[in-house]
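Q: Pasting final-v5.tsv below, which is TSV, C-alpha atoms.
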chain	number	residue	atom	x	y	z
A	10	MET	CA	-50.26	18.24	10.73
A	11	SER	CA	-48.02	19.37	7.90
A	12	VAL	CA	-46.26	16.82	5.74
A	13	LEU	CA	-42.79	17.49	4.37
A	14	LEU	CA	-42.43	16.14	0.87
A	15	PRO	CA	-39.03	15.33	-0.62
A	16	CYS	CA	-37.64	18.02	-2.85
A	17	PRO	CA	-37.32	16.68	-6.42
A	18	ARG	CA	-33.97	16.89	-8.13
A	19	PRO	CA	-33.76	19.77	-10.59
A	20	ALA	CA	-33.78	18.53	-14.16
A	21	ALA	CA	-30.63	19.12	-16.16
A	22	ASP	CA	-30.92	21.90	-18.71
A	23	PRO	CA	-29.96	20.42	-22.09
A	24	ALA	CA	-28.95	23.89	-23.27
A	25	THR	CA	-26.35	24.22	-20.48
A	26	PRO	CA	-23.28	22.02	-20.82
A	27	PRO	CA	-22.08	20.23	-17.67
A	28	ALA	CA	-19.55	22.26	-15.74
A	29	VAL	CA	-17.55	22.24	-12.53
A	30	ARG	CA	-19.57	23.67	-9.64
A	31	THR	CA	-17.13	23.48	-6.71
A	32	ARG	CA	-13.53	22.36	-6.18
A	33	VAL	CA	-12.19	21.57	-2.71
A	34	THR	CA	-9.26	19.68	-1.18
A	35	ILE	CA	-10.01	16.81	1.21
A	36	PRO	CA	-7.45	14.71	3.12
A	37	LEU	CA	-8.39	11.02	3.08
A	38	ARG	CA	-7.52	8.29	5.56
A	39	PHE	CA	-8.63	4.65	5.30
A	40	PRO	CA	-9.10	2.16	8.17
A	41	ASP	CA	-5.85	0.37	7.30
A	42	GLY	CA	-3.91	3.63	7.75
A	43	TYR	CA	-3.44	4.54	4.08
A	44	ALA	CA	-3.72	8.30	3.65
A	45	THR	CA	-3.70	10.67	0.72
A	46	THR	CA	-5.18	13.97	-0.40
A	47	ALA	CA	-7.88	14.35	-3.02
A	48	THR	CA	-9.08	17.28	-5.07
A	49	VAL	CA	-12.87	16.89	-5.12
A	50	TRP	CA	-15.22	18.42	-7.69
A	51	THR	CA	-18.98	18.83	-7.80
A	52	PHE	CA	-20.84	19.58	-11.03
A	53	THR	CA	-23.83	21.30	-12.56
A	54	GLY	CA	-25.77	20.24	-15.64
A	55	LEU	CA	-25.25	16.48	-15.37
A	56	ALA	CA	-27.71	14.38	-17.34
A	57	ASP	CA	-29.26	12.66	-14.32
A	58	ALA	CA	-29.00	15.69	-11.95
A	59	ARG	CA	-27.52	13.49	-9.21
A	60	GLU	CA	-24.81	14.58	-6.78
A	61	HIS	CA	-21.88	12.66	-8.24
A	62	LEU	CA	-18.29	13.48	-7.22
A	63	ALA	CA	-14.95	13.39	-9.00
A	64	LEU	CA	-11.77	12.90	-6.95
A	65	GLY	CA	-8.45	13.91	-8.45
A	66	LEU	CA	-5.72	11.70	-7.00
A	67	GLY	CA	-1.95	11.80	-7.29
A	68	ASP	CA	-0.46	14.16	-9.86
A	69	TRP	CA	-3.63	14.43	-11.92
A	70	PRO	CA	-2.60	17.75	-13.56
A	71	ASP	CA	0.50	16.06	-14.97
A	72	ALA	CA	-1.61	13.11	-16.08
A	73	LEU	CA	-3.88	15.44	-18.04
A	74	ALA	CA	-0.93	17.29	-19.57
A	75	ARG	CA	0.72	13.99	-20.47
A	76	ALA	CA	-2.45	12.76	-22.19
A	77	SER	CA	-2.95	16.00	-24.14
A	78	ALA	CA	0.60	15.63	-25.48
A	79	GLY	CA	-0.23	12.14	-26.77
A	80	GLY	CA	1.27	10.26	-23.84
A	81	PRO	CA	-0.32	7.75	-21.47
A	82	PRO	CA	-3.81	8.81	-20.33
A	83	PRO	CA	-4.91	9.29	-16.72
A	84	LEU	CA	-6.16	6.25	-14.84
A	85	VAL	CA	-9.90	6.57	-14.13
A	86	ARG	CA	-12.31	4.46	-12.11
A	87	PRO	CA	-16.06	5.09	-12.17
A	88	HIS	CA	-17.09	3.60	-8.80
A	89	SER	CA	-20.77	3.15	-8.03
A	90	GLU	CA	-21.80	4.03	-4.50
A	91	CYS	CA	-22.18	1.01	-2.18
A	92	LEU	CA	-23.14	1.99	1.35
A	93	THR	CA	-22.91	-1.56	2.69
A	94	GLY	CA	-19.51	-2.26	1.14
A	95	ASP	CA	-17.82	1.15	1.07
A	96	VAL	CA	-18.91	2.28	4.54
A	97	PHE	CA	-19.87	-0.77	6.58
A	98	GLY	CA	-17.35	-3.22	5.12
A	99	SER	CA	-19.90	-5.76	3.88
A	100	GLN	CA	-18.35	-9.00	2.68
A	101	ARG	CA	-21.23	-9.76	0.31
A	102	CYS	CA	-19.60	-7.73	-2.48
A	103	ASP	CA	-16.12	-6.52	-3.45
A	104	CYS	CA	-16.97	-2.81	-3.58
A	105	GLY	CA	-15.13	-1.63	-0.47
A	106	PRO	CA	-11.83	-3.34	-1.37
A	107	GLN	CA	-12.13	-2.11	-4.96
A	108	LEU	CA	-12.60	1.46	-3.75
A	109	ARG	CA	-9.58	1.22	-1.46
A	110	GLU	CA	-7.46	-0.32	-4.22
A	111	ALA	CA	-8.56	2.27	-6.77
A	112	VAL	CA	-7.62	5.25	-4.59
A	113	GLU	CA	-4.07	3.96	-4.14
A	114	ARG	CA	-3.54	2.87	-7.74
A	115	ILE	CA	-4.92	6.09	-9.19
A	116	GLY	CA	-2.85	8.06	-6.68
A	117	ALA	CA	0.30	6.34	-7.93
A	118	ASP	CA	-0.43	7.02	-11.61
A	119	GLY	CA	-2.37	10.26	-11.43
A	120	GLY	CA	-6.02	10.32	-12.43
A	121	PHE	CA	-9.61	10.40	-11.25
A	122	LEU	CA	-12.06	8.41	-9.18
A	123	LEU	CA	-15.68	9.12	-10.08
A	124	TYR	CA	-17.95	8.35	-7.12
A	125	LEU	CA	-21.33	7.76	-8.72
A	126	ARG	CA	-24.62	7.78	-6.80
A	127	GLN	CA	-25.89	4.54	-8.34
A	128	GLU	CA	-26.47	2.25	-5.38
A	129	GLY	CA	-27.47	-1.34	-6.16
A	130	ARG	CA	-26.53	-1.13	-9.86
A	131	GLY	CA	-28.92	1.80	-10.12
A	132	SER	CA	-31.87	0.18	-8.32
A	133	GLY	CA	-31.29	1.87	-4.95
A	134	LEU	CA	-30.34	0.75	-1.46
A	135	TYR	CA	-33.64	-0.82	-0.41
A	136	ALA	CA	-33.95	-2.78	-3.66
A	137	LYS	CA	-30.38	-4.03	-3.21
A	138	LEU	CA	-31.22	-5.31	0.26
A	139	ASP	CA	-34.41	-6.90	-1.08
A	140	ALA	CA	-32.22	-8.65	-3.66
A	141	TYR	CA	-29.93	-9.86	-0.87
A	142	ALA	CA	-32.95	-11.47	0.82
A	143	LEU	CA	-33.76	-13.28	-2.42
A	144	GLN	CA	-30.14	-14.35	-2.82
A	145	ASP	CA	-30.42	-15.99	0.59
A	146	THR	CA	-33.09	-18.27	-0.92
A	147	GLY	CA	-30.71	-19.44	-3.66
A	148	LEU	CA	-30.97	-16.88	-6.47
A	149	ASP	CA	-27.85	-15.22	-7.83
A	150	THR	CA	-27.54	-11.43	-7.91
A	151	TYR	CA	-29.00	-11.08	-11.42
A	152	GLN	CA	-31.83	-13.55	-10.86
A	153	ALA	CA	-32.76	-11.65	-7.71
A	154	ASN	CA	-32.90	-8.34	-9.57
A	155	ARG	CA	-35.17	-9.85	-12.22
A	156	ALA	CA	-37.43	-11.36	-9.57
A	157	LEU	CA	-37.89	-7.80	-8.26
A	158	GLY	CA	-38.82	-6.55	-11.72
A	159	ARG	CA	-35.48	-4.79	-12.19
A	160	ALA	CA	-32.94	-5.02	-15.00
A	161	ASP	CA	-29.63	-6.83	-14.52
A	162	ASP	CA	-27.86	-3.47	-14.39
A	163	GLU	CA	-29.64	-0.11	-14.55
A	164	ARG	CA	-26.57	2.11	-14.36
A	165	ASP	CA	-26.04	4.81	-16.97
A	166	TYR	CA	-22.57	6.34	-17.39
A	167	THR	CA	-23.63	9.43	-19.35
A	168	ALA	CA	-23.01	11.64	-16.32
A	169	ALA	CA	-19.62	10.00	-15.78
A	170	ALA	CA	-18.63	10.89	-19.34
A	171	GLN	CA	-19.86	14.46	-18.81
A	172	MET	CA	-17.79	14.78	-15.63
A	173	LEU	CA	-14.67	13.58	-17.43
A	174	ALA	CA	-15.26	16.00	-20.30
A	175	ALA	CA	-15.71	18.88	-17.84
A	176	LEU	CA	-12.35	17.98	-16.29
A	177	GLY	CA	-10.62	17.74	-19.67
A	178	ALA	CA	-10.15	13.97	-19.35
A	179	ASP	CA	-11.69	12.73	-22.59
A	180	ARG	CA	-8.90	10.18	-23.13
A	181	ILE	CA	-8.48	7.65	-20.30
A	182	ALA	CA	-7.27	4.28	-19.09
A	183	LEU	CA	-10.28	2.68	-17.42
A	184	LEU	CA	-9.73	0.86	-14.12
A	185	SER	CA	-12.61	-1.62	-14.18
A	186	ASN	CA	-13.50	-5.28	-14.75
A	187	ASN	CA	-16.83	-4.32	-16.31
A	188	PRO	CA	-16.91	-4.17	-20.14
A	189	ASP	CA	-20.20	-2.27	-20.06
A	190	LYS	CA	-18.49	0.73	-18.45
A	191	ALA	CA	-16.00	0.92	-21.31
A	192	ALA	CA	-18.70	0.52	-23.94
A	193	GLN	CA	-20.97	3.19	-22.45
A	194	LEU	CA	-18.15	5.70	-21.96
A	195	ALA	CA	-16.96	5.15	-25.52
A	196	ARG	CA	-20.48	5.74	-26.86
A	197	ALA	CA	-20.60	8.97	-24.84
A	198	GLY	CA	-17.42	10.29	-26.50
A	199	ILE	CA	-14.68	9.20	-24.09
A	200	ASP	CA	-11.63	7.60	-25.70
A	201	VAL	CA	-10.99	4.50	-23.57
A	202	VAL	CA	-7.41	3.73	-24.56
A	203	ALA	CA	-7.11	0.72	-22.26
A	204	GLN	CA	-9.18	-1.23	-19.76
A	205	VAL	CA	-7.18	-2.14	-16.66
A	206	PRO	CA	-8.66	-4.83	-14.38
A	207	THR	CA	-8.81	-4.41	-10.64
A	208	GLY	CA	-7.59	-7.07	-8.27
A	209	VAL	CA	-9.83	-10.01	-7.35
A	210	HIS	CA	-11.14	-9.44	-3.83
A	211	LEU	CA	-12.51	-12.89	-3.16
A	212	SER	CA	-14.02	-13.98	0.15
A	213	PRO	CA	-16.25	-16.90	1.19
A	214	ALA	CA	-19.20	-14.49	1.39
A	215	ASN	CA	-18.83	-13.02	-2.10
A	216	ALA	CA	-17.58	-15.97	-4.18
A	217	ARG	CA	-20.99	-16.67	-5.72
A	218	TYR	CA	-21.56	-12.98	-6.38
A	219	LEU	CA	-18.23	-12.63	-8.22
A	220	ALA	CA	-18.83	-15.80	-10.22
A	221	ALA	CA	-22.22	-14.45	-11.31
A	222	LYS	CA	-20.61	-11.20	-12.51
A	223	ARG	CA	-18.08	-13.15	-14.53
A	224	GLU	CA	-20.62	-15.53	-16.05
A	225	HIS	CA	-23.53	-13.13	-16.68
A	226	THR	CA	-21.81	-9.88	-17.65
A	227	ALA	CA	-18.29	-10.94	-18.70
A	228	HIS	CA	-16.42	-9.18	-15.91
A	229	THR	CA	-12.68	-9.81	-16.19
A	230	LEU	CA	-12.30	-11.76	-12.97
A	231	ASP	CA	-9.68	-14.50	-12.67
A	232	LEU	CA	-11.52	-16.71	-10.21
A	233	PRO	CA	-10.51	-20.22	-9.16
A	234	ILE	CA	-12.51	-22.93	-10.87
A	235	ALA	CA	-14.90	-24.68	-8.52
A	236	GLY	CA	-14.23	-28.37	-8.47
Do you think you could lay out the structure here as structure tokens?

A:
Amino acid sequence: MSVLLPCPRPAADPATPPAVRTRVTIPLRFPDGYATTATVWTFTGLADAREHLALGLGDWPDALARASAGGPPPLVRPHSECLTGDVFGSQRCDCGPQLREAVERIGADGGFLLYLRQEGRGSGLYAKLDAYALQDTGLDTYQANRALGRADDERDYTAAAQMLAALGADRIALLSNNPDKAAQLARAGIDVVAQVPTGVHLSPANARYLAAKREHTAHTLDLPIAG
């Protein structure tokens, strides 16, 4: 019996700068009825050789022209893939609502959503679900990751910075509550002019998760004080 082995990702060639591979137009429609159209890019030469996507939303060409003339920069959200939240509507995180919010807000201002294949803060889908099982025993999201031998957050935004550079968006307003995203992008050569927080998508199922993000990694989340 033959065994099919997974095909390894091709390593990025350090001599070849990241570049746009494909550009297509995709109409989007969300479950609540909100609809828009995105320009979607794929890339070659990214540092991690993963299949990340960039979505241009709203009048992104004007946003780039505005920024190059010294005006306000395009609004950009690097959004890490979350199958459970983005697709299945899991209430254990705030990823799905953040994605929905980001598409509309970026569409209004003009800018880019980077959809990054970094499930489970970079640990993968199965490890994320293993961490959920540990959270059910009383650990918070970071304690669960450590119990699995993982780091608090294994995401690397080098590829995100390369995607932005390939699109000509090296000066941005960052739509994120996570200070680590801003710090990593800045170290990779992106001028983060402002960090714009997302809304707080609080539910009974994710309250402890959001509180852990605020307390452990200084996310800018205005949560009610437990009393």

Q: For range 46-158 of chain A versus range 175-195 of chain A, which residues have an atom no more than 6 Å away, and what is each residue's nearest atom pair and distance in Å rounded to one decimal, using only C-alpha atoms, chain-then-number order, as a Markdown table?

A:
| residue | atom | partner | partner_atom | distance |
| --- | --- | --- | --- | --- |
| A:Pro82 | CA | A:Ile181 | CA | 4.8 |
| A:Pro83 | CA | A:Ile181 | CA | 5.3 |
| A:Leu84 | CA | A:Ala182 | CA | 4.8 |
| A:Val85 | CA | A:Leu183 | CA | 5.1 |
| A:Arg86 | CA | A:Leu184 | CA | 4.9 |

Q: Since we have the selection now, will you write its residues out, keeping C-alpha atoms, as a PDB file, in the frame of the given file?

A:
ATOM      1  CA  PRO A  82      -3.810   8.810 -20.330  1.00  0.00           C
ATOM      2  CA  PRO A  83      -4.910   9.290 -16.720  1.00  0.00           C
ATOM      3  CA  LEU A  84      -6.160   6.250 -14.840  1.00  0.00           C
ATOM      4  CA  VAL A  85      -9.900   6.570 -14.130  1.00  0.00           C
ATOM      5  CA  ARG A  86     -12.310   4.460 -12.110  1.00  0.00           C
TER       6      ARG A  86
END

Q: How far is it from CA of Ala72 in chain A to CA of Glu128 in chain A, in Å with one decimal?

A: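 Going from CA of Ala72 in chain A over to CA of Glu128 in chain A, I get 29.2 Å.
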
Q: Quick one: everything within 6 Å of range 108-116 of chain A, counting only C-alpha atoms, minus sequence neighbours fewer than 4 positions away in the same chain. Send it as a ChimeraX atom specification.

A: /A:66-67,84,120

Q: Can you work out which one of A:Gly119, A:Gly105, A:Pro87, A:Pro81 has the shortest atom-to-atom distance to Ala203 in chain A, counting all atoms listed in the file?

A: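 Under the stated criterion, the closest residue is A:Pro81.
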
Q: Quick one: everything within 10 Å of Leu123 in chain A, counting only C-alpha atoms, minus sequence neighbours fewer than 5 positions away in the same chain. Send it as a PyMOL selection string.

A: chain A and resi 49-50+61-65+85-90+168-170+172-173

Q: For range 35-39 of chain A, work out the shell of residues within 10 Å, counting all atoms listed in the file and skipping chain neighbours fewer than 2 positions away, then give it as a list in words.

A: Arg32, Val33, Asp41, Gly42, Tyr43, Ala44, Thr45, Thr46, Ala47, Thr48, Val49, Leu64, Arg109 and Val112 of chain A

Q: Could you tell me how far CA of Ala28 in chain A lies from CA of Phe52 in chain A, in Å and to one decimal?

A: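 Pair CA of Ala28 in chain A / CA of Phe52 in chain A returns 5.6 Å.
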
Q: Hey, can you check how far CA of Gly131 in chain A sits from CA of Thr25 in chain A?

A: 24.8 Å
